[in-house]
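Contents: one structure, followed by commentary.
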Amino acid sequence: MIEKILTVRNRAGIHARPAALIAQTANKFSSEISLEKDNSTVNAKSIMGVITMAAGYNTTLTLKADGPDEREACDAIFNLFESKFEEE
């Protein structure tokens, strides 16, 4: 299992478009992938789950991946956050 700390860097936070990008990216991998905020954990492969986190600007999340392609999955999702979901 791999864990990474992510920070929401885009001003609008995680709304429908970034949530869709996260879920689409996560679904490319066979590993189990989750995002954790405070004491709430959601499946990163679920658009609705990601949206319900209500993660605004500068929110810190924990990304967890467990499976055969966990490293690649973490890197791909980490890169989405670093690129600000290509919104800015």
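Residue numbers start at 1 in each chain; chains themselves are named A, B, ... in the order of the structure tokens; ligands are numbered from 1 in the order shown.
The alpha helix (DSSP H) portion of chain A consists of Ala16, Arg17, Pro18, Ala19, Ala20, Leu21, Ile22, Ala23, Gln24, Thr25, Ala26, Ile47, Met48, Gly49, Val50, Ile51, Glu70, Arg71, Glu72, Ala73, Cys74, Asp75, Ala76, Ile77, Phe78, Asn79, Leu80, Phe81 and Glu82 of chain A, with states taken from DSSP on the backbone.
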Margin query: Env of Cys74 in chain A: 9 Å cut, atoms = only C-alpha atoms, seq-sep filter 5 positions within chain, self excluded. Answer as JSON, numbers by chain.
Written below: {"A": [2, 3, 4, 26, 33, 63, 64, 65, 69, 79]}
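Among the candidates A:Pro68, A:Ala23, A:Gly49, A:Asn43, the one nearest to Met1 in chain A when counting only C-alpha atoms is A:Pro68.
When only C-alpha atoms are used to measure the gap to Glu36 in chain A, the shortest distance among A:Ala12, A:Ala19, A:Ile5, A:Leu61 belongs to A:Leu61.
Proximity to Asn10 in chain A was assessed for A:Gly56, A:Ile22, A:Ala76, A:Glu70 counting only C-alpha atoms; the smallest distance is recorded for A:Gly56.
The nearest approach to Lys28 in chain A among the residues A:Leu6, A:Ala55, A:Ala16, A:Ala44, with only C-alpha atoms taken into account, belongs to A:Ala44.
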Where does range 47-88 of chain A meet range 39-42 of chain A within 9 Å, residue by residue, with the nearest atom pair and distance in Å to one decimal for each, counting only C-alpha atoms, listed by chain and rising number, as JSON lines?
{"residue": "A:Gly49", "atom": "CA", "partner": "A:Val42", "partner_atom": "CA", "distance": 5.4}
{"residue": "A:Val50", "atom": "CA", "partner": "A:Val42", "partner_atom": "CA", "distance": 6.5}
{"residue": "A:Thr52", "atom": "CA", "partner": "A:Val42", "partner_atom": "CA", "distance": 8.6}
{"residue": "A:Met53", "atom": "CA", "partner": "A:Val42", "partner_atom": "CA", "distance": 7.7}
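For the atom pair formed by CA of Asn58 in chain A and CA of Leu80 in chain A, the distance is 14.6 Å, given to one decimal.
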Notebook entry, point to check: Which of these, A:Lys37, A:Ser83, A:Glu32, A:Ile47, has the shortest distance to His15 in chain A once you count only C-alpha atoms?
Noted result: A:Ile47
Margin query: Could you go through chain A and tell me which residues DSSP, when run on the backbone, assigns to strand (DSSP E or B), listing them as a VMD selection string?
Written below: chain A and resid 2 to 7 32 to 37 40 to 43 60 to 66
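Atom pair CA of Arg11 in chain A / CA of Ala73 in chain A has a distance of 24.2 Å (rounded to one decimal).
With distances restricted to only C-alpha atoms, A:Lys45 is the closest residue to Thr25 in chain A from A:Lys45, A:Asp38, A:Thr60, A:Glu88.
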